[in-house]
Amino acid sequence: MRLRSFTMALLCGGVTFLTVSCENEMEEMDMKAVSKTQNAIGLSSAGQDRFAIKTPTNFGPMSENLRNIIVGEAVAESDCGPTEFVTVQRKYARPLVADPLAFSNYSLYSQLNQLYSYLLDRGPQYFGVDGEYTDLMTKRQRELEKFWNMPNQIRVNGQHGATLNDREALADMMQNFIVGVNSREMAYAYADMLMAENAKSPNLPESPYFSLDGFATTYDNLIVIGDGLVQMLSESGVDADIVWTGILAHEWAHQIQFKNMKTWYPKGAASDIPEATRYTELEADFLAAYYMTHKRGATYNSKRVEQFFNLFFQIGDCGFTSDGHHGTPVQRLAAAQLGFDLADSAQKQGHIMSIEEAHAYFVANVGNIVAPATVYVQ
């Protein structure tokens, strides 16, 4: 299947990725407003204003956090219109904003869950609310290690809303991340208080908004993927196994970039930040697509390619001058198409390009992605 036919089918509805702030109705639900409206809704004793979060000093460079795209912090819109994804966003944003406890605790819970999955959660991992995708993710991680010749180099953590209703985990968060909590007894007291609030709310911590993180970081060579992120994307029409695989492969590509940053981008990926961000994001899409469709990678066949492309289309944006610009939906589709064609057209189907060869191929063809052409440079 060629890029043009699929792109036209999607563009007939004028669709592209949008954030929570795309429509007036959604602007009222913008999660960035949480900290400004806590007092206005009469909950000065609830939420983050009760706690001062310690700022960790050991953060490493991070790829884009997909949470920020979803909650409207990534890019400004141009003439873009909604995808199916905004319908899913609205479905979960409305009850969250209508629930005073959930709304006032959004910022606190999001930060705590991110810090926990980033810095503390180093035990056995599971993926999916009930661990239903653990086997798939274990398989994909092993495949990626072998595919890119990176054995035992990357750690992958699942992020879960349920962690915010786990007494021991909450106490760990309180003790490590909240200013003034200097004993385990105090940490347990705060954990019990939050769990009591959870019991009063239908959205705490069940809403997928509390497990939306999706990023790669140099700290501990870590990738974090939240259940809520996968849930929202899969409800937009993409099979969950492709969402899990696509996000993992994309973030794994960022880990590859981190490890080759000085060699690949000695002066930066581009002269200005928006272009540099777009460049690295499109390369991550390309590398992910190459693995996902390769005979020795995830081996997705042509019948599933449409969903695979749709995943990358859903997370495009039109904020051309924003520092967070990831590439337009059509450009992200073109990057995915480039990776698919490279794997599909290889004379030796079992051959896997080295990381360096794949990067060189992308560099030679990135111009065709930004201004699509029909001929790829070998």
# chains A, B, ... in the order shown; residues from 1 in each chain; ligands from 1
>>> residues_around(residues="Tyr133 in chain A", least_positions_apart="5", cutoff="12 Å", atoms="only C-alpha atoms", output="list in words")
Gln125, Tyr126, Phe127, Gly128, Thr138, Lys139, Arg140, Gly158, Ile225, Gly226, Asp227, Val230, Gln231, Ala240, Asp241, Ile242, Val243, Trp244 and Thr245 of chain A
>>> write_last_selection(atoms="all heavy atoms", output="compact mmCIF listing (two decimals), in the first residue's frame")
# COMPACT_ATOMS: atom_id res chain seq x y z
N GLN A 125 8.45 -5.79 35.97
CA GLN A 125 7.51 -4.93 35.29
C GLN A 125 6.34 -5.70 34.69
O GLN A 125 6.46 -6.88 34.36
CB GLN A 125 8.22 -4.16 34.17
CG GLN A 125 9.27 -3.19 34.67
CD GLN A 125 8.68 -2.10 35.54
OE1 GLN A 125 7.78 -1.38 35.11
NE2 GLN A 125 9.20 -1.95 36.75
N TYR A 126 5.20 -5.02 34.57
CA TYR A 126 4.07 -5.56 33.82
C TYR A 126 3.51 -4.47 32.94
O TYR A 126 3.71 -3.27 33.19
CB TYR A 126 3.01 -6.15 34.75
CG TYR A 126 2.22 -5.15 35.56
CD1 TYR A 126 0.97 -4.71 35.13
CD2 TYR A 126 2.69 -4.67 36.78
CE1 TYR A 126 0.21 -3.81 35.89
CE2 TYR A 126 1.96 -3.76 37.54
CZ TYR A 126 0.71 -3.34 37.08
OH TYR A 126 -0.02 -2.44 37.82
N PHE A 127 2.80 -4.86 31.90
CA PHE A 127 2.30 -3.90 30.91
C PHE A 127 0.84 -4.19 30.63
O PHE A 127 0.46 -5.33 30.40
CB PHE A 127 3.14 -3.99 29.63
CG PHE A 127 4.59 -3.69 29.85
CD1 PHE A 127 5.49 -4.71 30.15
CD2 PHE A 127 5.06 -2.38 29.82
CE1 PHE A 127 6.84 -4.44 30.38
CE2 PHE A 127 6.40 -2.10 30.05
CZ PHE A 127 7.28 -3.13 30.34
N GLY A 128 0.03 -3.13 30.68
CA GLY A 128 -1.41 -3.27 30.63
C GLY A 128 -1.96 -3.26 32.04
O GLY A 128 -1.26 -3.63 33.00
N THR A 138 7.66 -8.11 26.49
CA THR A 138 8.90 -8.87 26.72
C THR A 138 9.46 -9.37 25.39
O THR A 138 10.67 -9.30 25.14
CB THR A 138 8.62 -10.06 27.66
OG1 THR A 138 8.14 -9.56 28.91
CG2 THR A 138 9.89 -10.86 27.89
N LYS A 139 8.57 -9.87 24.55
CA LYS A 139 8.97 -10.34 23.22
C LYS A 139 9.53 -9.20 22.38
O LYS A 139 10.58 -9.34 21.74
CB LYS A 139 7.77 -10.97 22.52
CG LYS A 139 8.03 -11.51 21.12
CD LYS A 139 6.77 -12.20 20.60
CE LYS A 139 6.99 -12.84 19.22
NZ LYS A 139 7.11 -11.80 18.17
N ARG A 140 8.84 -8.07 22.37
CA ARG A 140 9.30 -6.93 21.58
C ARG A 140 10.64 -6.40 22.06
O ARG A 140 11.50 -6.02 21.26
CB ARG A 140 8.26 -5.81 21.61
CG ARG A 140 6.92 -6.14 20.95
CD ARG A 140 7.10 -6.50 19.50
NE ARG A 140 5.85 -6.65 18.80
CZ ARG A 140 5.59 -7.61 17.93
NH1 ARG A 140 6.50 -8.53 17.66
NH2 ARG A 140 4.42 -7.66 17.32
N GLY A 158 6.62 -0.09 32.70
CA GLY A 158 5.21 0.21 32.51
C GLY A 158 4.76 1.19 33.58
O GLY A 158 5.23 1.14 34.72
N ILE A 225 6.33 3.66 29.37
CA ILE A 225 5.10 3.68 28.58
C ILE A 225 3.93 3.46 29.53
O ILE A 225 3.85 2.44 30.21
CB ILE A 225 5.10 2.59 27.49
CG1 ILE A 225 6.32 2.76 26.57
CG2 ILE A 225 3.80 2.66 26.68
CD1 ILE A 225 6.43 1.68 25.52
N GLY A 226 3.01 4.42 29.55
CA GLY A 226 1.87 4.35 30.46
C GLY A 226 0.68 3.63 29.88
O GLY A 226 0.39 3.72 28.68
N ASP A 227 -0.05 2.93 30.74
CA ASP A 227 -1.28 2.24 30.32
C ASP A 227 -2.28 3.21 29.70
O ASP A 227 -2.96 2.90 28.72
CB ASP A 227 -1.95 1.56 31.52
CG ASP A 227 -1.15 0.39 32.06
OD1 ASP A 227 -0.29 -0.13 31.34
OD2 ASP A 227 -1.40 0.02 33.23
N VAL A 230 -1.52 4.17 26.02
CA VAL A 230 -1.88 3.11 25.08
C VAL A 230 -3.39 2.99 24.97
O VAL A 230 -3.94 2.81 23.88
CB VAL A 230 -1.26 1.77 25.52
CG1 VAL A 230 -1.71 0.64 24.60
CG2 VAL A 230 0.27 1.87 25.52
N GLN A 231 -4.08 3.10 26.09
CA GLN A 231 -5.54 2.99 26.08
C GLN A 231 -6.16 4.06 25.18
O GLN A 231 -7.04 3.77 24.35
CB GLN A 231 -6.08 3.12 27.49
CG GLN A 231 -7.61 3.03 27.59
CD GLN A 231 -8.10 3.17 29.02
OE1 GLN A 231 -7.36 2.99 29.98
NE2 GLN A 231 -9.37 3.50 29.17
N ALA A 240 -4.28 -2.36 19.97
CA ALA A 240 -3.41 -2.10 21.12
C ALA A 240 -2.02 -2.69 20.93
O ALA A 240 -1.03 -2.09 21.36
CB ALA A 240 -4.05 -2.67 22.39
N ASP A 241 -1.91 -3.86 20.30
CA ASP A 241 -0.57 -4.45 20.14
C ASP A 241 0.31 -3.59 19.23
O ASP A 241 1.53 -3.49 19.44
CB ASP A 241 -0.66 -5.87 19.59
CG ASP A 241 -1.18 -5.94 18.18
OD1 ASP A 241 -2.30 -5.46 17.93
OD2 ASP A 241 -0.47 -6.48 17.31
N ILE A 242 -0.31 -2.91 18.24
CA ILE A 242 0.47 -2.02 17.38
C ILE A 242 0.85 -0.76 18.14
O ILE A 242 1.95 -0.22 17.95
CB ILE A 242 -0.32 -1.69 16.10
CG1 ILE A 242 -0.55 -2.96 15.28
CG2 ILE A 242 0.40 -0.65 15.26
CD1 ILE A 242 -1.27 -2.75 13.98
N VAL A 243 -0.04 -0.27 19.00
CA VAL A 243 0.29 0.90 19.81
C VAL A 243 1.48 0.60 20.72
O VAL A 243 2.45 1.36 20.77
CB VAL A 243 -0.92 1.37 20.63
CG1 VAL A 243 -0.53 2.55 21.51
CG2 VAL A 243 -2.07 1.76 19.72
N TRP A 244 1.40 -0.50 21.46
CA TRP A 244 2.52 -0.88 22.33
C TRP A 244 3.81 -0.99 21.53
O TRP A 244 4.86 -0.44 21.91
CB TRP A 244 2.23 -2.20 23.03
CG TRP A 244 1.30 -2.14 24.19
CD1 TRP A 244 0.02 -2.61 24.24
CD2 TRP A 244 1.57 -1.60 25.50
NE1 TRP A 244 -0.53 -2.39 25.49
CE2 TRP A 244 0.40 -1.79 26.29
CE3 TRP A 244 2.68 -0.99 26.08
CZ2 TRP A 244 0.32 -1.37 27.61
CZ3 TRP A 244 2.60 -0.57 27.41
CH2 TRP A 244 1.43 -0.76 28.16
N THR A 245 3.75 -1.71 20.42
CA THR A 245 4.94 -1.95 19.61
C THR A 245 5.46 -0.66 19.01
O THR A 245 6.68 -0.40 19.02
CB THR A 245 4.64 -2.96 18.49
OG1 THR A 245 4.16 -4.18 19.07
CG2 THR A 245 5.88 -3.25 17.65
>>> atom_distance(atom1="CA of Asp341 in chain A", atom2="CA of Tyr279 in chain A")
19.2 Å
>>> residues_around(residues="Gly297 in chain A", least_positions_apart="3", cutoff="10 Å", atoms="only C-alpha atoms", output="ChimeraX atom specification")
/A:140,143-144,146-148,288-294,300,343,350,352
>>> atom_distance(atom1="CA of Leu115 in chain A", atom2="CA of Glu145 in chain A")
25.8 Å
>>> residues_around(residues="Met150 in chain A", least_positions_apart="3", cutoff="12 Å", atoms="only C-alpha atoms", output="ChimeraX atom specification")
/A:141-147,153-155,221,252-253,255-256,259,354-355
>>> select_by_dssp(residues="range 15-261 of chain A", states="strand (DSSP E or B)", output="list in words")
Val15, Ile53, Met62, Gly81, Arg155, Val156, Asn157, Gly158, Gln159, Ile178, Gly214, Phe215, Ala216, Thr217, Leu222, Ile223, Val224, Ile225 and Gly226 of chain A
>>> residues_around(residues="Arg184 in chain A", least_positions_apart="6", cutoff="9 Å", atoms="only C-alpha atoms", output="MDAnalysis selection string")
chainID A and resid 171:172 174:175
>>> write_last_selection(atoms="N, CA and C atoms", output="short mmCIF file (atom, residue, chain, number, x, y, z; two decimals), in the first residue's frame")
data_model
loop_
_atom_site.label_atom_id
_atom_site.label_comp_id
_atom_site.auth_asym_id
_atom_site.auth_seq_id
_atom_site.Cartn_x
_atom_site.Cartn_y
_atom_site.Cartn_z
N ALA A 171 3.63 5.66 49.66
CA ALA A 171 4.54 6.04 50.74
C ALA A 171 5.94 6.29 50.19
N ASP A 172 6.37 5.47 49.24
CA ASP A 172 7.67 5.70 48.60
C ASP A 172 7.70 7.06 47.92
N MET A 174 5.83 9.73 48.64
CA MET A 174 5.81 10.78 49.65
C MET A 174 7.19 10.97 50.27
N GLN A 175 7.82 9.87 50.59
CA GLN A 175 9.10 9.93 51.29
C GLN A 175 10.22 10.46 50.40
#
>>> residues_around(residues="Leu119 in chain A", least_positions_apart="6", cutoff="9 Å", atoms="only C-alpha atoms", output="ChimeraX atom specification")
/A:58-59,219-220
>>> write_last_selection(atoms="N, CA, C and O atoms", output="PDB file, in the first residue's frame")
ATOM      1  N   ASN A  58      18.970  14.292  39.389  1.00  0.00           N
ATOM      2  CA  ASN A  58      19.609  13.268  38.568  1.00  0.00           C
ATOM      3  C   ASN A  58      18.814  12.908  37.318  1.00  0.00           C
ATOM      4  O   ASN A  58      18.908  11.804  36.810  1.00  0.00           O
ATOM      5  N   PHE A  59      18.014  13.850  36.821  1.00  0.00           N
ATOM      6  CA  PHE A  59      17.326  13.613  35.562  1.00  0.00           C
ATOM      7  C   PHE A  59      18.337  13.597  34.419  1.00  0.00           C
ATOM      8  O   PHE A  59      19.266  14.393  34.389  1.00  0.00           O
ATOM      9  N   TYR A 219      18.742   8.549  31.603  1.00  0.00           N
ATOM     10  CA  TYR A 219      18.857   8.073  32.981  1.00  0.00           C
ATOM     11  C   TYR A 219      18.509   6.586  33.026  1.00  0.00           C
ATOM     12  O   TYR A 219      17.377   6.180  32.745  1.00  0.00           O
ATOM     13  N   ASP A 220      19.474   5.759  33.345  1.00  0.00           N
ATOM     14  CA  ASP A 220      19.289   4.314  33.432  1.00  0.00           C
ATOM     15  C   ASP A 220      18.850   3.723  32.089  1.00  0.00           C
ATOM     16  O   ASP A 220      18.288   2.632  32.045  1.00  0.00           O
TER      17      ASP A 220
END
>>> residues_around(residues="Ala169 in chain A", least_positions_apart="5", cutoff="10 Å", atoms="only C-alpha atoms", output="mmCIF file with all heavy atoms, in the first residue's frame")
data_model
loop_
_atom_site.group_PDB
_atom_site.id
_atom_site.type_symbol
_atom_site.label_atom_id
_atom_site.label_comp_id
_atom_site.auth_asym_id
_atom_site.auth_seq_id
_atom_site.Cartn_x
_atom_site.Cartn_y
_atom_site.Cartn_z
ATOM 1 N N ASN A 113 3.428 10.060 39.661
ATOM 2 C CA ASN A 113 3.522 8.829 38.893
ATOM 3 C C ASN A 113 4.693 8.869 37.919
ATOM 4 O O ASN A 113 5.373 7.858 37.698
ATOM 5 C CB ASN A 113 2.222 8.567 38.134
ATOM 6 C CG ASN A 113 1.865 7.083 38.096
ATOM 7 O OD1 ASN A 113 2.496 6.252 38.741
ATOM 8 N ND2 ASN A 113 0.839 6.749 37.340
ATOM 9 N N TYR A 116 7.862 8.409 40.022
ATOM 10 C CA TYR A 116 7.966 7.023 40.494
ATOM 11 C C TYR A 116 8.465 6.112 39.377
ATOM 12 O O TYR A 116 9.398 5.325 39.582
ATOM 13 C CB TYR A 116 6.609 6.550 40.999
ATOM 14 C CG TYR A 116 6.630 5.142 41.564
ATOM 15 C CD1 TYR A 116 7.054 4.902 42.867
ATOM 16 C CD2 TYR A 116 6.241 4.058 40.781
ATOM 17 C CE1 TYR A 116 7.090 3.614 43.384
ATOM 18 C CE2 TYR A 116 6.270 2.764 41.288
ATOM 19 C CZ TYR A 116 6.691 2.551 42.587
ATOM 20 O OH TYR A 116 6.733 1.266 43.092
ATOM 21 N N LEU A 120 12.080 5.399 40.776
ATOM 22 C CA LEU A 120 11.945 4.419 41.851
ATOM 23 C C LEU A 120 11.582 3.011 41.392
ATOM 24 O O LEU A 120 11.989 2.032 42.031
ATOM 25 C CB LEU A 120 10.884 4.887 42.861
ATOM 26 C CG LEU A 120 11.170 6.163 43.649
ATOM 27 C CD1 LEU A 120 10.055 6.394 44.662
ATOM 28 C CD2 LEU A 120 12.527 6.101 44.337
ATOM 29 N N ASP A 121 10.811 2.889 40.344
ATOM 30 C CA ASP A 121 10.255 1.584 39.977
ATOM 31 C C ASP A 121 11.289 0.750 39.245
ATOM 32 O O ASP A 121 11.441 0.838 38.023
ATOM 33 C CB ASP A 121 9.014 1.783 39.095
ATOM 34 C CG ASP A 121 8.276 0.470 38.855
ATOM 35 O OD1 ASP A 121 8.651 -0.543 39.461
ATOM 36 O OD2 ASP A 121 7.312 0.478 38.068
ATOM 37 N N ALA A 162 -2.930 2.273 38.828
ATOM 38 C CA ALA A 162 -3.064 1.513 40.068
ATOM 39 C C ALA A 162 -1.944 1.807 41.055
ATOM 40 O O ALA A 162 -2.122 1.644 42.271
ATOM 41 C CB ALA A 162 -3.109 0.015 39.752
ATOM 42 N N THR A 163 -0.796 2.247 40.567
ATOM 43 C CA THR A 163 0.319 2.581 41.452
ATOM 44 C C THR A 163 -0.082 3.687 42.423
ATOM 45 O O THR A 163 0.390 3.733 43.560
ATOM 46 C CB THR A 163 1.528 3.025 40.622
ATOM 47 O OG1 THR A 163 1.859 1.995 39.675
ATOM 48 C CG2 THR A 163 2.745 3.279 41.509
ATOM 49 N N LEU A 164 -0.983 4.555 41.980
ATOM 50 C CA LEU A 164 -1.436 5.669 42.815
ATOM 51 C C LEU A 164 -2.474 5.251 43.841
ATOM 52 O O LEU A 164 -3.003 6.084 44.573
ATOM 53 C CB LEU A 164 -1.993 6.780 41.927
ATOM 54 C CG LEU A 164 -0.959 7.435 41.005
ATOM 55 C CD1 LEU A 164 -1.652 8.227 39.897
ATOM 56 C CD2 LEU A 164 -0.019 8.332 41.804
ATOM 57 N N MET A 174 5.831 9.726 48.636
ATOM 58 C CA MET A 174 5.806 10.776 49.653
ATOM 59 C C MET A 174 7.194 10.967 50.268
ATOM 60 O O MET A 174 7.678 12.090 50.433
ATOM 61 C CB MET A 174 4.802 10.415 50.749
ATOM 62 C CG MET A 174 3.344 10.372 50.327
ATOM 63 S SD MET A 174 2.654 12.002 49.917
ATOM 64 C CE MET A 174 2.511 11.847 48.141
ATOM 65 N N GLN A 175 7.821 9.869 50.595
ATOM 66 C CA GLN A 175 9.103 9.928 51.292
ATOM 67 C C GLN A 175 10.222 10.458 50.403
ATOM 68 O O GLN A 175 11.140 11.144 50.876
ATOM 69 C CB GLN A 175 9.473 8.540 51.830
ATOM 70 C CG GLN A 175 10.577 8.552 52.874
ATOM 71 C CD GLN A 175 10.621 7.240 53.646
ATOM 72 O OE1 GLN A 175 9.917 6.287 53.335
ATOM 73 N NE2 GLN A 175 11.464 7.185 54.663
ATOM 74 N N TYR A 188 3.386 7.136 55.326
ATOM 75 C CA TYR A 188 2.188 6.285 55.359
ATOM 76 C C TYR A 188 0.929 7.111 55.649
ATOM 77 O O TYR A 188 -0.149 6.847 55.085
ATOM 78 C CB TYR A 188 2.342 5.199 56.412
ATOM 79 C CG TYR A 188 3.141 4.001 55.971
ATOM 80 C CD1 TYR A 188 4.147 3.475 56.788
ATOM 81 C CD2 TYR A 188 2.890 3.370 54.753
ATOM 82 C CE1 TYR A 188 4.887 2.369 56.394
ATOM 83 C CE2 TYR A 188 3.617 2.265 54.357
ATOM 84 C CZ TYR A 188 4.621 1.771 55.169
ATOM 85 O OH TYR A 188 5.355 0.667 54.780
ATOM 86 N N ALA A 191 -0.031 8.766 52.499
ATOM 87 C CA ALA A 191 -0.520 7.748 51.558
ATOM 88 C C ALA A 191 -1.943 7.343 51.907
ATOM 89 O O ALA A 191 -2.803 7.222 51.021
ATOM 90 C CB ALA A 191 0.407 6.535 51.574
#
>>> closest_residue(among="A:Ala196, A:Leu136, A:Leu342, A:Leu204", to="Ser104 in chain A", atoms="only C-alpha atoms")
A:Leu204
>>> closest_residue(among="A:Gln349, A:Thr263, A:Asn165, A:Thr55", to="Tyr109 in chain A", atoms="only C-alpha atoms")
A:Asn165
>>> select_by_dssp(residues="range 109-191 of chain A", states="alpha helix (DSSP H)", output="compact mmCIF listing (two decimals) with N, CA, C and O atoms, in the first residue's frame")
# COMPACT_ATOMS: atom_id res chain seq x y z
N TYR A 109 -0.83 14.03 41.04
CA TYR A 109 -0.78 12.61 40.70
C TYR A 109 0.07 12.35 39.46
O TYR A 109 0.81 11.38 39.38
N SER A 110 -0.04 13.25 38.47
CA SER A 110 0.73 13.07 37.25
C SER A 110 2.23 13.17 37.54
O SER A 110 3.02 12.36 37.04
N GLN A 111 2.60 14.15 38.34
CA GLN A 111 4.02 14.31 38.66
C GLN A 111 4.54 13.16 39.51
O GLN A 111 5.65 12.65 39.28
N LEU A 112 3.76 12.74 40.48
CA LEU A 112 4.21 11.64 41.33
C LEU A 112 4.37 10.35 40.54
O LEU A 112 5.37 9.62 40.71
N ASN A 113 3.43 10.06 39.66
CA ASN A 113 3.52 8.83 38.89
C ASN A 113 4.69 8.87 37.92
O ASN A 113 5.37 7.86 37.70
N GLN A 114 4.95 10.05 37.35
CA GLN A 114 6.09 10.17 36.47
C GLN A 114 7.39 9.97 37.23
O GLN A 114 8.27 9.22 36.80
N LEU A 115 7.53 10.63 38.38
CA LEU A 115 8.75 10.50 39.17
C LEU A 115 8.95 9.07 39.64
O LEU A 115 10.08 8.56 39.67
N THR A 134 2.16 -7.97 28.93
CA THR A 134 3.51 -8.22 29.43
C THR A 134 4.27 -9.16 28.51
O THR A 134 5.45 -8.90 28.16
N ASP A 135 3.67 -10.24 28.08
CA ASP A 135 4.36 -11.17 27.19
C ASP A 135 4.73 -10.50 25.87
O ASP A 135 5.83 -10.71 25.34
N LEU A 136 3.81 -9.70 25.33
CA LEU A 136 4.09 -9.01 24.08
C LEU A 136 5.28 -8.07 24.24
O LEU A 136 6.20 -8.06 23.40
N MET A 137 5.29 -7.29 25.31
CA MET A 137 6.37 -6.32 25.49
C MET A 137 7.70 -6.99 25.78
O MET A 137 8.76 -6.52 25.36
N THR A 138 7.66 -8.11 26.49
CA THR A 138 8.90 -8.87 26.72
C THR A 138 9.46 -9.37 25.39
O THR A 138 10.67 -9.30 25.14
N LYS A 139 8.57 -9.87 24.55
CA LYS A 139 8.97 -10.34 23.22
C LYS A 139 9.53 -9.20 22.38
O LYS A 139 10.58 -9.34 21.74
N ARG A 140 8.84 -8.07 22.37
CA ARG A 140 9.30 -6.93 21.58
C ARG A 140 10.64 -6.40 22.06
O ARG A 140 11.50 -6.02 21.26
N GLN A 141 10.84 -6.36 23.37
CA GLN A 141 12.12 -5.88 23.88
C GLN A 141 13.25 -6.80 23.44
O GLN A 141 14.32 -6.33 23.03
N ARG A 142 13.04 -8.08 23.52
CA ARG A 142 14.07 -9.03 23.07
C ARG A 142 14.33 -8.88 21.58
O ARG A 142 15.49 -8.96 21.13
N GLU A 143 13.27 -8.69 20.81
CA GLU A 143 13.43 -8.49 19.36
C GLU A 143 14.27 -7.25 19.07
O GLU A 143 15.17 -7.28 18.23
N LEU A 144 13.94 -6.15 19.75
CA LEU A 144 14.65 -4.90 19.50
C LEU A 144 16.11 -5.00 19.91
O LEU A 144 17.00 -4.45 19.25
N GLU A 145 16.38 -5.69 21.01
CA GLU A 145 17.76 -5.90 21.43
C GLU A 145 18.56 -6.62 20.36
O GLU A 145 19.69 -6.24 20.03
N LYS A 146 17.95 -7.65 19.80
CA LYS A 146 18.63 -8.43 18.76
C LYS A 146 18.68 -7.67 17.44
O LYS A 146 19.71 -7.67 16.75
N PHE A 147 17.59 -7.02 17.09
CA PHE A 147 17.49 -6.32 15.81
C PHE A 147 18.55 -5.22 15.69
O PHE A 147 19.22 -5.09 14.66
N ARG A 167 -0.48 1.45 48.66
CA ARG A 167 -0.01 2.14 49.87
C ARG A 167 1.50 2.23 49.92
O ARG A 167 2.07 3.29 50.26
N GLU A 168 2.18 1.12 49.63
CA GLU A 168 3.65 1.14 49.70
C GLU A 168 4.23 2.06 48.65
O GLU A 168 5.17 2.82 48.92
N ALA A 169 3.69 2.02 47.43
CA ALA A 169 4.21 2.88 46.37
C ALA A 169 3.95 4.35 46.70
O ALA A 169 4.83 5.21 46.51
N LEU A 170 2.74 4.66 47.19
CA LEU A 170 2.45 6.04 47.57
C LEU A 170 3.37 6.52 48.69
O LEU A 170 3.84 7.66 48.67
N ALA A 171 3.63 5.66 49.66
CA ALA A 171 4.54 6.04 50.74
C ALA A 171 5.94 6.29 50.19
O ALA A 171 6.64 7.23 50.62
N ASP A 172 6.37 5.47 49.24
CA ASP A 172 7.67 5.70 48.60
C ASP A 172 7.70 7.06 47.92
O ASP A 172 8.69 7.79 48.01
N MET A 173 6.62 7.41 47.24
CA MET A 173 6.55 8.71 46.57
C MET A 173 6.62 9.84 47.57
O MET A 173 7.34 10.83 47.39
N MET A 174 5.83 9.73 48.64
CA MET A 174 5.81 10.78 49.65
C MET A 174 7.19 10.97 50.27
O MET A 174 7.68 12.09 50.43
N GLN A 175 7.82 9.87 50.59
CA GLN A 175 9.10 9.93 51.29
C GLN A 175 10.22 10.46 50.40
O GLN A 175 11.14 11.14 50.88
N ASN A 176 10.16 10.17 49.12
CA ASN A 176 11.24 10.55 48.22
C ASN A 176 11.02 11.87 47.51
O ASN A 176 11.99 12.54 47.14
N PHE A 177 9.76 12.27 47.32
CA PHE A 177 9.50 13.40 46.43
C PHE A 177 8.77 14.58 47.08
O PHE A 177 8.57 15.60 46.43
N ARG A 184 9.00 7.33 57.65
CA ARG A 184 8.10 6.41 56.98
C ARG A 184 6.69 6.53 57.54
O ARG A 184 5.70 6.39 56.80
N GLU A 185 6.58 6.82 58.81
CA GLU A 185 5.27 6.97 59.43
C GLU A 185 4.50 8.13 58.80
O GLU A 185 3.30 8.03 58.51
N MET A 186 5.19 9.25 58.60
CA MET A 186 4.55 10.39 57.96
C MET A 186 4.18 10.06 56.52
O MET A 186 3.10 10.44 56.03
N ALA A 187 5.06 9.34 55.83
CA ALA A 187 4.77 8.94 54.45
C ALA A 187 3.52 8.07 54.38
O ALA A 187 2.67 8.25 53.50
N TYR A 188 3.39 7.14 55.33
CA TYR A 188 2.19 6.29 55.36
C TYR A 188 0.93 7.11 55.65
O TYR A 188 -0.15 6.85 55.08
N ALA A 189 1.06 8.10 56.52
CA ALA A 189 -0.10 8.92 56.85
C ALA A 189 -0.62 9.67 55.62
O ALA A 189 -1.84 9.72 55.36
N TYR A 190 0.28 10.23 54.85
CA TYR A 190 -0.12 10.91 53.62
C TYR A 190 -0.66 9.92 52.59
O TYR A 190 -1.62 10.22 51.87
N ALA A 191 -0.03 8.77 52.50
CA ALA A 191 -0.52 7.75 51.56
C ALA A 191 -1.94 7.34 51.91
O ALA A 191 -2.80 7.22 51.02
>>> atom_distance(atom1="CA of Pro205 in chain A", atom2="CA of Ile223 in chain A")
22.1 Å
>>> closest_residue(among="A:Phe85, A:Tyr361, A:Phe210, A:Phe286", to="Gln331 in chain A", atoms="only C-alpha atoms")
A:Phe286
>>> closest_residue(among="A:Val156, A:Val238, A:Ile369, A:Leu233", to="Leu282 in chain A", atoms="only C-alpha atoms")
A:Ile369
>>> closest_residue(among="A:Met195, A:Leu229, A:Val88, A:Pro56", to="Asn68 in chain A", atoms="only C-alpha atoms")
A:Leu229
